[in-house]
Every structure is written in structure tokens, then in C-alpha cells.
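> After the C-alpha cells below, expect a handful of questions from me.
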Amino acid sequence: MLTQLTVSNYAIAERVELQFSKGMTALTGETGAGKSIVLDALGLAMGGRADAGAVRHGAKRADITATFDVSGIPEATEWLAEHELDDDNDCILRRVISKDGRSRAYINGQPCPLNHLKELGGVLMDIHSQHQHQSLLRKETHRKLVDEFAGVETLAAETREAWKSWNQIRQRLTERQQNADEAEAKLQLLRYQVEELDRLALEEGEQENLEQEQAQLSQADTVLHNSHQAALLCTEDETSAVDLVRQALQQLEQLPVDVPALADTIQMLNEAQIQISEAGDNLRHFVEDYEADPARLAEVEERLSAIYQMARKHRITPEELPELHQRLSAELAELDGGEGSLKQLAAELDSQRGRFDALAAELSEARARAAAELDQRVAAELAQLSMPNMQFITHLNRSNGGEPAPHGLEEIEFLVSANPGQPARPLAKVASGGELSRISLAIQVVVAQTSTTPTLVFDEVDVGIGGGTAEVVGRLLRTLGGNGQVLCVTHLPQVAAQCHQHLFVSKFTEQDATFSKIETLDDQGRISEVARMLGGVDMTEHTIAHAREMFSKGQATHH
């Protein structure tokens, strides 16, 4: 719901601050006073096209800020959260237009692309008037209104998701079919490469272990010779380490006196003698048991040669071969009878098409039932609005031959026939501005209970009508306001008298400059304005009494 609008240096408005509430708000004033400023400013806040001429003469820029309460608008809160622009329950749309025609857009204080204002603004507000924001001229709006009226938004979303899944599989299948020869060649190469790696059967860490074993086997003679020499030096030679240590101990044991300071040293030499003796035994056993294995060396070298050759072939290091094997095997499995196979894709395509067809058929039936009821109810409202001959038709057209589409099996378009005997044609081609506004009003009244757009704006829906019909228009707008928020520009006192909030627009001249002023009227001010709308500048007591009666009657309306 729109709660506040601030306009600075836009058109002839120097500074305007307006507070809005729920219900129906009427904007009135003399012709040329600037009533369009509010609607045009809202249009710019929703991403409308900016014009440098909109900046007030003498100012550097125009600044427009519209504040909305989105606590009751899930679609808006989800959009804000998705774009990381959420800020509690408030949503502030801001548009700054420089005098050179450039503009900047902001949402909750964060700079954003202009199309973000359009996307979010379309969720928050719908402006029905004779300019570019008139959504009733778009087929997308027709489908949205019908689906809301039918209560099938969830079914429509499921149908859209089913179409996306079907279309993704269809694109993959088409791509595979178009590249069948290339895919087959790739498949054959993958099979050959994987079979080679399968035969190699390289295990993780195997190459490192083989290299260590090769190093030992290739130096077997040196290992045996050096180990034998070490054994001799430890225990078997005339000057072995054991004998030398034993001689050192004998020298210390033959000391003429006991020397406590050498006790640790004697202990160390005793331990060294034991350890050297054990080391010698170990070396002797190693030499006796050690066997050089030329056959095993040849086997290891052959295995390593196969590993190195495979790595060179794929231009990678030997350590990378296990990972390559795993990756190529997975790719082969996907292309050869796995998820990406033509047969599998075709089966998935049929399955998704069946799911889409079932959802779309259910959606089409619901839309057809809703369209018939909508036509009847809109026709009844149009009759009240002095358009009894206007025929309204919700046309469901399967022009795509029943082929899947994101929105289902049919296009939806509102058609009208202004006179009996004339064929029904699209709204944009046959309805005048005033007729279009009243048709919009009739539709919105019917779908008000199901519409998700919280704020509706009507610009001069009373063009070309008067008397009892004007009173009906006012009553319909008040009914809409009772279900949400309605802003309307009107010239008719019968309409203005029924609003919940009344904004009066006037202009004045000061020091050769023209200014627009917008004020919220109290009850007495509203009666005076209704009187002005009834009788013009010269108001008589009769006019004022008539205005008071009309105001009282309008406020007593609770439809």
C-alpha cells in the first residue's frame, strides 16, 4: 500500500508531501491545476520514461520518492529479499531526474537498474490511464487477471516449471541429435582411452612405491657389499668397533682407584658394546638373507615404463593418471547409456511432456470456466457504467497448435465489441481512453477479491458520463477502496463525495513563478470542493446544501 509520496522540483510542484491511507482517495481541482503531477510522479517512481522538461524551471533536478508498506504483499517482500534490498516492511522507490534528462533509480536507498523499478512497481501499483503504464493493454495482464480470478496461480506456476523442465531436455536432445557424428567419434575415443587406463589399472601411490623398489633393486650389489663391510667393522674385523670398545673398557676397569666421575662413561661404553654387537648380528643376517632379483627389477622397470608412456600420451604427470581415469570413465558413463544418452533423453522428454500436458489441460479447463464467469460479471458492471451495449469477451486462443508454452496451451486476450453486430476486437484497437478506464474499473471491481495488486490508480474514469452513472462509478471505486487502496482523478462531484480521503490540487503565482499545491481536505473542505465541482466559482447556499447532502450520502455508502 502506498503510504507517502514526496515530490521535489517536478513540473510546477516545488515541494509536495502527501500521506495516503487505505480506501479510496480522490484528487480534484480545476483544469490545469496540476492533478496529473501526482500520477505522473508515481509513474516515474515505477520506472516510467523520464523527460528533462519535467524538472522545474530553475532547479537542477527533480526528486520523487514513493513509500510503500509491503507487509501484506508477499510477492514484493520475496522480490526484495531475492535482490537483497529488503528493509523490514517498508519499500522506498526513488527517482532522481537531472535537468539534462539523465536519471537515477533507488530502492530502499540502494542504486538499482531502472528495470528493477518497473518490476517491483508493477507488483505494488497498477495505473489505469491513457499513458504507457496502462497494463490493461497487455496480454500478460489479461492472463494474470484470469488466473487470479480462477484461483489457479499455483497451478500456473507448476505448469510453467513443467515447461521449463521439458524445454531444457528438448534442447539437450536436439543438440545431441545435431551433433550425433561428432558425439559418436568422441564416444569411441573415450571408450579407447578408458579401456587403456582400465588395462593399466594404476593404483593411487603405486608409482611412488615402484620407484622406491626400483632404486633398491638396481643398486643390489652396492647394498650387499656395503652391508658386508659394515658387519665386519662392527664385530668381525681384528679392529672391529666391538673390540675397540672392549679395549677402552679394560683400560678404565684397570684404574688403580675407583673414580665415581667415570661411572656414567663406563655405563655408556657397556651399552655401546651391546648395541654394536647387535647391529653387527643384524647386518650379518641381512647379508645372509639378501638376494638380488633381476627378474623383479625387470618387472618393476617394465611397469614404470608403461606408466610413464601413458602419462606422456595424455600430456600429464604420472601422478595425475588416476584422476584422469576417473574423469574419463564418468564422462563415458554419461554419454554411453547414462543420463545423456539419446534414448534416455527421449524417454525423459516424453515423461516431462506428459506431466506438462496434464497440468496444462487442468489449467485450460479452469481458465475456460473462469473466463465465462468473468465475462458475465464484467458485462453486468459495464451496464451499470452506461455501457450496456459493450460486449466483453475473454478470448482463449490456442494459436500455437497446442504446443507447450510457459503460460500453458492458450493465449488469453480481452476483446470488446462497442456496438451490436460488430466483431469483437482487442481493447487497444477499439476502446477510447474514457471507455478503457471504465472497462478497467469494471474488471477490477470483479477481480478485486482475487487481485494481488494492492494499489490501483484510475485517471479520469468519469470522462463522458454523468448523473446516476457517475454515482455508480463512485460507488464502485469506493467498493474497490474497501478491499485495498484506490487513487482516482475525477471531475465529478458524485465520485469525489464518496471517497475516504480527498486531495485538492490548486496552483498559484508568486514572483512571476507558478506553483502547484496539494492539500488534504477536512470534511468542511470536502463539502466546499464538492460544491465547487457542482456549481463552479459562484457557490450559492443551494449549491452548498446540495454538496452537503451529496457528501453525507456518499460517506454513508458502504459497498
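Order determines the names: the first chain of the C-alpha cells is A, the second B, and so forth; residues in each chain are numbered 1 upward, and ligands are numbered 1 upward as they are shown.
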Pick out the residues sitting within 8 Å of Arg355 (chain A), and hand them over as a PyMOL selection string; count only C-alpha atoms, and ignore anything fewer than 4 positions along from it in its own chain.

chain A and resi 162+351+359

> For the selection you just gave me, I'd like the residues written to a file as a PDB file, in the first residue's frame, keeping all heavy atoms.


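Result written to out30.pdb:
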```pdb
ATOM      1  N   ALA A 162       6.986 -27.068 -15.294  1.00  0.00           N
ATOM      2  CA  ALA A 162       6.978 -28.280 -16.125  1.00  0.00           C
ATOM      3  C   ALA A 162       7.451 -27.955 -17.535  1.00  0.00           C
ATOM      4  O   ALA A 162       8.190 -28.735 -18.155  1.00  0.00           O
ATOM      5  CB  ALA A 162       5.575 -28.881 -16.149  1.00  0.00           C
ATOM      6  N   SER A 351       8.287 -38.108 -20.779  1.00  0.00           N
ATOM      7  CA  SER A 351       7.757 -38.051 -19.418  1.00  0.00           C
ATOM      8  C   SER A 351       7.398 -36.620 -19.028  1.00  0.00           C
ATOM      9  O   SER A 351       6.313 -36.358 -18.491  1.00  0.00           O
ATOM     10  CB  SER A 351       8.783 -38.631 -18.442  1.00  0.00           C
ATOM     11  OG  SER A 351       8.334 -38.470 -17.102  1.00  0.00           O
ATOM     12  N   LEU A 359      -0.924 -30.957 -16.536  1.00  0.00           N
ATOM     13  CA  LEU A 359      -1.084 -29.690 -15.801  1.00  0.00           C
ATOM     14  C   LEU A 359      -1.750 -28.634 -16.680  1.00  0.00           C
ATOM     15  O   LEU A 359      -2.641 -27.903 -16.236  1.00  0.00           O
ATOM     16  CB  LEU A 359       0.279 -29.188 -15.319  1.00  0.00           C
ATOM     17  CG  LEU A 359       0.947 -30.007 -14.207  1.00  0.00           C
ATOM     18  CD1 LEU A 359       2.394 -29.560 -14.017  1.00  0.00           C
ATOM     19  CD2 LEU A 359       0.167 -29.870 -12.906  1.00  0.00           C
TER      20      LEU A 359
END
```

> From the DSSP assignment of the backbone, select every residue of region 361-510 of chain A that is helix (DSSP H, G or I), and format the answer as a PDB file with N, CA and C atoms, in the first residue's frame.


```
ATOM      1  N   ALA A 361      -3.701 -29.033 -19.285  1.00  0.00           N
ATOM      2  CA  ALA A 361      -5.114 -29.343 -19.545  1.00  0.00           C
ATOM      3  C   ALA A 361      -5.976 -28.932 -18.358  1.00  0.00           C
ATOM      4  N   GLU A 362      -5.493 -29.216 -17.166  1.00  0.00           N
ATOM      5  CA  GLU A 362      -6.229 -28.806 -15.959  1.00  0.00           C
ATOM      6  C   GLU A 362      -6.324 -27.281 -15.884  1.00  0.00           C
ATOM      7  N   LEU A 363      -5.219 -26.610 -16.224  1.00  0.00           N
ATOM      8  CA  LEU A 363      -5.200 -25.148 -16.212  1.00  0.00           C
ATOM      9  C   LEU A 363      -6.165 -24.580 -17.252  1.00  0.00           C
ATOM     10  N   SER A 364      -6.206 -25.167 -18.436  1.00  0.00           N
ATOM     11  CA  SER A 364      -7.091 -24.685 -19.500  1.00  0.00           C
ATOM     12  C   SER A 364      -8.558 -24.804 -19.092  1.00  0.00           C
ATOM     13  N   GLU A 365      -8.909 -25.925 -18.470  1.00  0.00           N
ATOM     14  CA  GLU A 365     -10.292 -26.100 -18.027  1.00  0.00           C
ATOM     15  C   GLU A 365     -10.679 -25.047 -16.993  1.00  0.00           C
ATOM     16  N   ALA A 366      -9.790 -24.786 -16.046  1.00  0.00           N
ATOM     17  CA  ALA A 366     -10.081 -23.783 -15.023  1.00  0.00           C
ATOM     18  C   ALA A 366     -10.196 -22.398 -15.643  1.00  0.00           C
ATOM     19  N   ARG A 367      -9.331 -22.100 -16.602  1.00  0.00           N
ATOM     20  CA  ARG A 367      -9.381 -20.794 -17.257  1.00  0.00           C
ATOM     21  C   ARG A 367     -10.673 -20.620 -18.051  1.00  0.00           C
ATOM     22  N   ALA A 368     -11.108 -21.674 -18.723  1.00  0.00           N
ATOM     23  CA  ALA A 368     -12.336 -21.588 -19.519  1.00  0.00           C
ATOM     24  C   ALA A 368     -13.540 -21.309 -18.625  1.00  0.00           C
ATOM     25  N   ARG A 369     -13.607 -22.010 -17.491  1.00  0.00           N
ATOM     26  CA  ARG A 369     -14.720 -21.765 -16.558  1.00  0.00           C
ATOM     27  C   ARG A 369     -14.666 -20.340 -16.010  1.00  0.00           C
ATOM     28  N   ALA A 370     -13.462 -19.898 -15.642  1.00  0.00           N
ATOM     29  CA  ALA A 370     -13.322 -18.554 -15.086  1.00  0.00           C
ATOM     30  C   ALA A 370     -13.644 -17.485 -16.124  1.00  0.00           C
ATOM     31  N   ALA A 371     -13.239 -17.710 -17.378  1.00  0.00           N
ATOM     32  CA  ALA A 371     -13.479 -16.734 -18.442  1.00  0.00           C
ATOM     33  C   ALA A 371     -14.967 -16.508 -18.652  1.00  0.00           C
ATOM     34  N   ALA A 372     -15.739 -17.574 -18.656  1.00  0.00           N
ATOM     35  CA  ALA A 372     -17.187 -17.443 -18.862  1.00  0.00           C
ATOM     36  C   ALA A 372     -17.826 -16.638 -17.725  1.00  0.00           C
ATOM     37  N   GLU A 373     -17.418 -16.934 -16.499  1.00  0.00           N
ATOM     38  CA  GLU A 373     -17.982 -16.193 -15.362  1.00  0.00           C
ATOM     39  C   GLU A 373     -17.516 -14.747 -15.366  1.00  0.00           C
ATOM     40  N   LEU A 374     -16.253 -14.535 -15.704  1.00  0.00           N
ATOM     41  CA  LEU A 374     -15.716 -13.170 -15.744  1.00  0.00           C
ATOM     42  C   LEU A 374     -16.457 -12.329 -16.763  1.00  0.00           C
ATOM     43  N   ASP A 375     -16.728 -12.893 -17.941  1.00  0.00           N
ATOM     44  CA  ASP A 375     -17.434 -12.150 -18.989  1.00  0.00           C
ATOM     45  C   ASP A 375     -18.812 -11.697 -18.505  1.00  0.00           C
ATOM     46  N   GLN A 376     -19.528 -12.584 -17.855  1.00  0.00           N
ATOM     47  CA  GLN A 376     -20.869 -12.245 -17.379  1.00  0.00           C
ATOM     48  C   GLN A 376     -20.822 -11.137 -16.331  1.00  0.00           C
ATOM     49  N   ARG A 377     -19.911 -11.269 -15.395  1.00  0.00           N
ATOM     50  CA  ARG A 377     -19.860 -10.297 -14.309  1.00  0.00           C
ATOM     51  C   ARG A 377     -19.347  -8.939 -14.779  1.00  0.00           C
ATOM     52  N   VAL A 378     -18.381  -8.931 -15.691  1.00  0.00           N
ATOM     53  CA  VAL A 378     -17.899  -7.656 -16.236  1.00  0.00           C
ATOM     54  C   VAL A 378     -19.002  -6.982 -17.043  1.00  0.00           C
ATOM     55  N   ALA A 379     -19.760  -7.761 -17.816  1.00  0.00           N
ATOM     56  CA  ALA A 379     -20.871  -7.197 -18.600  1.00  0.00           C
ATOM     57  C   ALA A 379     -21.890  -6.529 -17.678  1.00  0.00           C
ATOM     58  N   ALA A 380     -22.163  -7.140 -16.529  1.00  0.00           N
ATOM     59  CA  ALA A 380     -23.110  -6.544 -15.579  1.00  0.00           C
ATOM     60  C   ALA A 380     -22.589  -5.221 -15.045  1.00  0.00           C
ATOM     61  N   GLU A 381     -21.292  -5.158 -14.755  1.00  0.00           N
ATOM     62  CA  GLU A 381     -20.711  -3.902 -14.259  1.00  0.00           C
ATOM     63  C   GLU A 381     -20.713  -2.839 -15.355  1.00  0.00           C
ATOM     64  N   LEU A 382     -20.428  -3.231 -16.598  1.00  0.00           N
ATOM     65  CA  LEU A 382     -20.421  -2.270 -17.701  1.00  0.00           C
ATOM     66  C   LEU A 382     -21.808  -1.679 -17.923  1.00  0.00           C
ATOM     67  N   ALA A 383     -22.830  -2.485 -17.733  1.00  0.00           N
ATOM     68  CA  ALA A 383     -24.191  -1.979 -17.876  1.00  0.00           C
ATOM     69  C   ALA A 383     -24.463  -0.879 -16.849  1.00  0.00           C
ATOM     70  N   GLN A 384     -23.965  -1.064 -15.624  1.00  0.00           N
ATOM     71  CA  GLN A 384     -24.138  -0.025 -14.598  1.00  0.00           C
ATOM     72  C   GLN A 384     -23.371   1.244 -14.948  1.00  0.00           C
ATOM     73  N   LEU A 427      -8.832  -4.598 -27.017  1.00  0.00           N
ATOM     74  CA  LEU A 427      -9.143  -3.353 -26.318  1.00  0.00           C
ATOM     75  C   LEU A 427      -8.413  -2.154 -26.927  1.00  0.00           C
ATOM     76  N   ALA A 428      -7.128  -2.320 -27.193  1.00  0.00           N
ATOM     77  CA  ALA A 428      -6.319  -1.192 -27.647  1.00  0.00           C
ATOM     78  C   ALA A 428      -6.792  -0.627 -28.985  1.00  0.00           C
ATOM     79  N   LYS A 429      -7.525  -1.446 -29.767  1.00  0.00           N
ATOM     80  CA  LYS A 429      -7.905  -1.005 -31.106  1.00  0.00           C
ATOM     81  C   LYS A 429      -9.298  -0.393 -31.178  1.00  0.00           C
ATOM     82  N   VAL A 430     -10.110  -0.638 -30.162  1.00  0.00           N
ATOM     83  CA  VAL A 430     -11.494  -0.163 -30.293  1.00  0.00           C
ATOM     84  C   VAL A 430     -11.948   0.730 -29.154  1.00  0.00           C
ATOM     85  N   GLY A 433     -10.085   6.354 -24.616  1.00  0.00           N
ATOM     86  CA  GLY A 433      -9.493   6.488 -23.297  1.00  0.00           C
ATOM     87  C   GLY A 433     -10.508   6.377 -22.184  1.00  0.00           C
ATOM     88  N   GLY A 434     -11.618   7.083 -22.315  1.00  0.00           N
ATOM     89  CA  GLY A 434     -12.635   7.031 -21.270  1.00  0.00           C
ATOM     90  C   GLY A 434     -13.267   5.661 -21.160  1.00  0.00           C
ATOM     91  N   GLU A 435     -13.546   5.040 -22.301  1.00  0.00           N
ATOM     92  CA  GLU A 435     -14.122   3.692 -22.291  1.00  0.00           C
ATOM     93  C   GLU A 435     -13.156   2.706 -21.648  1.00  0.00           C
ATOM     94  N   LEU A 436     -11.880   2.849 -21.992  1.00  0.00           N
ATOM     95  CA  LEU A 436     -10.875   1.941 -21.458  1.00  0.00           C
ATOM     96  C   LEU A 436     -10.791   2.048 -19.939  1.00  0.00           C
ATOM     97  N   SER A 437     -10.865   3.261 -19.423  1.00  0.00           N
ATOM     98  CA  SER A 437     -10.806   3.455 -17.978  1.00  0.00           C
ATOM     99  C   SER A 437     -12.006   2.797 -17.298  1.00  0.00           C
ATOM    100  N   ARG A 438     -13.197   2.940 -17.893  1.00  0.00           N
ATOM    101  CA  ARG A 438     -14.382   2.343 -17.281  1.00  0.00           C
ATOM    102  C   ARG A 438     -14.370   0.818 -17.404  1.00  0.00           C
ATOM    103  N   ILE A 439     -13.858   0.309 -18.530  1.00  0.00           N
ATOM    104  CA  ILE A 439     -13.713  -1.143 -18.662  1.00  0.00           C
ATOM    105  C   ILE A 439     -12.737  -1.660 -17.599  1.00  0.00           C
ATOM    106  N   SER A 440     -11.640  -0.938 -17.417  1.00  0.00           N
ATOM    107  CA  SER A 440     -10.689  -1.308 -16.372  1.00  0.00           C
ATOM    108  C   SER A 440     -11.372  -1.344 -15.023  1.00  0.00           C
ATOM    109  N   LEU A 441     -12.174  -0.314 -14.748  1.00  0.00           N
ATOM    110  CA  LEU A 441     -12.874  -0.233 -13.469  1.00  0.00           C
ATOM    111  C   LEU A 441     -13.803  -1.437 -13.285  1.00  0.00           C
ATOM    112  N   ALA A 442     -14.534  -1.773 -14.334  1.00  0.00           N
ATOM    113  CA  ALA A 442     -15.453  -2.911 -14.245  1.00  0.00           C
ATOM    114  C   ALA A 442     -14.695  -4.209 -13.974  1.00  0.00           C
ATOM    115  N   ILE A 443     -13.591  -4.396 -14.677  1.00  0.00           N
ATOM    116  CA  ILE A 443     -12.807  -5.620 -14.481  1.00  0.00           C
ATOM    117  C   ILE A 443     -12.240  -5.666 -13.069  1.00  0.00           C
ATOM    118  N   GLN A 444     -11.682  -4.530 -12.626  1.00  0.00           N
ATOM    119  CA  GLN A 444     -11.058  -4.512 -11.313  1.00  0.00           C
ATOM    120  C   GLN A 444     -12.077  -4.741 -10.200  1.00  0.00           C
ATOM    121  N   VAL A 445     -13.275  -4.241 -10.368  1.00  0.00           N
ATOM    122  CA  VAL A 445     -14.309  -4.479  -9.366  1.00  0.00           C
ATOM    123  C   VAL A 445     -14.601  -5.971  -9.266  1.00  0.00           C
ATOM    124  N   VAL A 446     -14.645  -6.641 -10.412  1.00  0.00           N
ATOM    125  CA  VAL A 446     -14.961  -8.069 -10.424  1.00  0.00           C
ATOM    126  C   VAL A 446     -13.838  -8.892  -9.798  1.00  0.00           C
ATOM    127  N   VAL A 447     -12.593  -8.543 -10.130  1.00  0.00           N
ATOM    128  CA  VAL A 447     -11.471  -9.362  -9.664  1.00  0.00           C
ATOM    129  C   VAL A 447     -10.858  -8.833  -8.373  1.00  0.00           C
ATOM    130  N   GLY A 467     -24.609  12.149 -14.004  1.00  0.00           N
ATOM    131  CA  GLY A 467     -25.845  11.719 -13.373  1.00  0.00           C
ATOM    132  C   GLY A 467     -25.692  10.466 -12.568  1.00  0.00           C
ATOM    133  N   GLY A 468     -26.647   9.548 -12.734  1.00  0.00           N
ATOM    134  CA  GLY A 468     -26.670   8.315 -11.962  1.00  0.00           C
ATOM    135  C   GLY A 468     -25.474   7.431 -12.234  1.00  0.00           C
ATOM    136  N   THR A 469     -24.982   7.454 -13.470  1.00  0.00           N
ATOM    137  CA  THR A 469     -23.822   6.621 -13.798  1.00  0.00           C
ATOM    138  C   THR A 469     -22.593   7.075 -13.017  1.00  0.00           C
ATOM    139  N   ALA A 470     -22.454   8.393 -12.864  1.00  0.00           N
ATOM    140  CA  ALA A 470     -21.325   8.928 -12.096  1.00  0.00           C
ATOM    141  C   ALA A 470     -21.386   8.438 -10.651  1.00  0.00           C
ATOM    142  N   GLU A 471     -22.574   8.376 -10.118  1.00  0.00           N
ATOM    143  CA  GLU A 471     -22.725   7.899  -8.746  1.00  0.00           C
ATOM    144  C   GLU A 471     -22.331   6.426  -8.653  1.00  0.00           C
ATOM    145  N   VAL A 472     -22.663   5.662  -9.694  1.00  0.00           N
ATOM    146  CA  VAL A 472     -22.287   4.246  -9.723  1.00  0.00           C
ATOM    147  C   VAL A 472     -20.772   4.101  -9.775  1.00  0.00           C
ATOM    148  N   VAL A 473     -20.137   4.936 -10.589  1.00  0.00           N
ATOM    149  CA  VAL A 473     -18.672   4.909 -10.667  1.00  0.00           C
ATOM    150  C   VAL A 473     -18.066   5.166  -9.294  1.00  0.00           C
ATOM    151  N   GLY A 474     -18.571   6.188  -8.627  1.00  0.00           N
ATOM    152  CA  GLY A 474     -18.077   6.492  -7.287  1.00  0.00           C
ATOM    153  C   GLY A 474     -18.270   5.324  -6.333  1.00  0.00           C
ATOM    154  N   ARG A 475     -19.428   4.679  -6.422  1.00  0.00           N
ATOM    155  CA  ARG A 475     -19.707   3.561  -5.541  1.00  0.00           C
ATOM    156  C   ARG A 475     -18.774   2.386  -5.838  1.00  0.00           C
ATOM    157  N   LEU A 476     -18.499   2.148  -7.128  1.00  0.00           N
ATOM    158  CA  LEU A 476     -17.589   1.066  -7.491  1.00  0.00           C
ATOM    159  C   LEU A 476     -16.166   1.345  -7.008  1.00  0.00           C
ATOM    160  N   LEU A 477     -15.731   2.590  -7.143  1.00  0.00           N
ATOM    161  CA  LEU A 477     -14.392   2.945  -6.675  1.00  0.00           C
ATOM    162  C   LEU A 477     -14.297   2.810  -5.156  1.00  0.00           C
ATOM    163  N   ARG A 478     -15.354   3.205  -4.458  1.00  0.00           N
ATOM    164  CA  ARG A 478     -15.352   3.063  -3.009  1.00  0.00           C
ATOM    165  C   ARG A 478     -15.326   1.582  -2.614  1.00  0.00           C
ATOM    166  N   THR A 479     -16.027   0.755  -3.385  1.00  0.00           N
ATOM    167  CA  THR A 479     -16.001  -0.690  -3.129  1.00  0.00           C
ATOM    168  C   THR A 479     -14.580  -1.236  -3.288  1.00  0.00           C
ATOM    169  N   LEU A 480     -13.904  -0.817  -4.359  1.00  0.00           N
ATOM    170  CA  LEU A 480     -12.518  -1.236  -4.548  1.00  0.00           C
ATOM    171  C   LEU A 480     -11.645  -0.771  -3.394  1.00  0.00           C
ATOM    172  N   GLY A 481     -11.855   0.468  -2.967  1.00  0.00           N
ATOM    173  CA  GLY A 481     -11.075   1.006  -1.861  1.00  0.00           C
ATOM    174  C   GLY A 481     -11.286   0.235  -0.581  1.00  0.00           C
ATOM    175  N   GLY A 482     -12.467  -0.320  -0.417  1.00  0.00           N
ATOM    176  CA  GLY A 482     -12.734  -1.103   0.778  1.00  0.00           C
ATOM    177  C   GLY A 482     -11.926  -2.378   0.830  1.00  0.00           C
ATOM    178  N   ASN A 483     -11.449  -2.833  -0.352  1.00  0.00           N
ATOM    179  CA  ASN A 483     -10.654  -4.060  -0.412  1.00  0.00           C
ATOM    180  C   ASN A 483      -9.156  -3.798  -0.522  1.00  0.00           C
ATOM    181  N   PRO A 493     -18.524  15.501  -8.965  1.00  0.00           N
ATOM    182  CA  PRO A 493     -18.799  15.582  -7.531  1.00  0.00           C
ATOM    183  C   PRO A 493     -19.402  14.293  -6.988  1.00  0.00           C
ATOM    184  N   GLN A 494     -20.173  13.586  -7.821  1.00  0.00           N
ATOM    185  CA  GLN A 494     -20.772  12.332  -7.358  1.00  0.00           C
ATOM    186  C   GLN A 494     -19.698  11.304  -6.992  1.00  0.00           C
ATOM    187  N   VAL A 495     -18.551  11.361  -7.681  1.00  0.00           N
ATOM    188  CA  VAL A 495     -17.437  10.449  -7.381  1.00  0.00           C
ATOM    189  C   VAL A 495     -16.654  10.951  -6.175  1.00  0.00           C
ATOM    190  N   ALA A 496     -16.296  12.221  -6.200  1.00  0.00           N
ATOM    191  CA  ALA A 496     -15.488  12.786  -5.115  1.00  0.00           C
ATOM    192  C   ALA A 496     -16.190  12.665  -3.765  1.00  0.00           C
TER     193      ALA A 496
END
```

> At a cut-off of 10 Å, can you tabulate as JSON lines every residue of region 136-204 of chain A near region 291-312 of chain A together with its closest atom pair and the distance in Å to one decimal, using only C-alpha atoms and ordering rows by chain then number?


```
{"residue": "A:Glu196", "atom": "CA", "partner": "A:Met310", "partner_atom": "CA", "distance": 8.6}
{"residue": "A:Leu197", "atom": "CA", "partner": "A:Met310", "partner_atom": "CA", "distance": 8.2}
{"residue": "A:Leu200", "atom": "CA", "partner": "A:Ile307", "partner_atom": "CA", "distance": 7.6}
{"residue": "A:Ala201", "atom": "CA", "partner": "A:Ile307", "partner_atom": "CA", "distance": 9.8}
{"residue": "A:Leu202", "atom": "CA", "partner": "A:Ile307", "partner_atom": "CA", "distance": 7.8}
```

> Select, from A:Ser386, A:Asn397, A:Gln273, A:Thr6, the residue with the minimum atom-to-atom distance to Ala41 (chain A), counting only C-alpha atoms.

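Ranking A:Ser386, A:Asn397, A:Gln273, A:Thr6 by distance to Ala41 (chain A), first place goes to A:Thr6.
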
> Rounded to one decimal in Å, what is the spacing between CA of Gln267 (chain A) and CA of Gln251 (chain A)?

13.9 Å

> What does the distance from CA of Leu85 (chain A) to CA of Gly109 (chain A) come to in Å, to one decimal?

8.8 Å

> Within 12 Å of Glu84 (chain A), counting only C-alpha atoms, which residues show up once you throw out same-chain ones fewer than 3 positions away? Write them as a list in words, please.

Thr77, Glu78, Trp79, Leu80, Ala81, Asp87, Asp88, Ile107, Asn108, Gly109, Gln110 and Cys112 of chain A

> Nearest to Leu173 (chain A): which of A:Leu385, A:Leu409, A:Cys499, A:Leu349 is it, counting only C-alpha atoms?

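Using only C-alpha atoms, Leu173 (chain A) sits closest to A:Leu349.
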
> From region 477-559 of chain A, collect each residue whose DSSP state is strand (DSSP E or B) and return the set as a PyMOL selection string.

chain A and resi 485-489+501-510+513-520

> Taking into account only C-alpha atoms, which residue in the set A:Gly525, A:Pro111, A:Pro426, A:Gly121 is nearest to Phe68 (chain A)?

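Between A:Gly525, A:Pro111, A:Pro426, A:Gly121, the residue approaching Phe68 (chain A) most closely is A:Gly121.
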
> Name the residues in contact with Pro74 (chain A) at a cut-off of 12 Å, using only C-alpha atoms, excluding same-chain residues fewer than 3 positions from it; report them as a ChimeraX atom specification.

/A:69-71,77-82,86,89,120,123-124,452-454

> Considering only C-alpha atoms, return as a list in words whatever protein or nucleic-acid residues lie within 6 Å of region 7-19 of chain A, sequence-local ones (same chain, fewer than 3 positions apart) excluded.

Thr3, Gln4, Ala54, Val55, Arg56, Ala62, Asp63, Ile64, Phe515 and Ser516 of chain A

> Pick the closest to Pro318 (chain A) from A:Ser103, A:Ser218, A:Ser21, A:Gln207: which is it, counting only C-alpha atoms?

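Checking each of A:Ser103, A:Ser218, A:Ser21, A:Gln207 against Pro318 (chain A), counting only C-alpha atoms, the winner is A:Gln207.
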
> Rounded to one decimal, what separation in Å do you get between CA of Asn270 (chain A) and CA of Val245 (chain A)?

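Separation between CA of Asn270 (chain A) and CA of Val245 (chain A): 8.1 Å.
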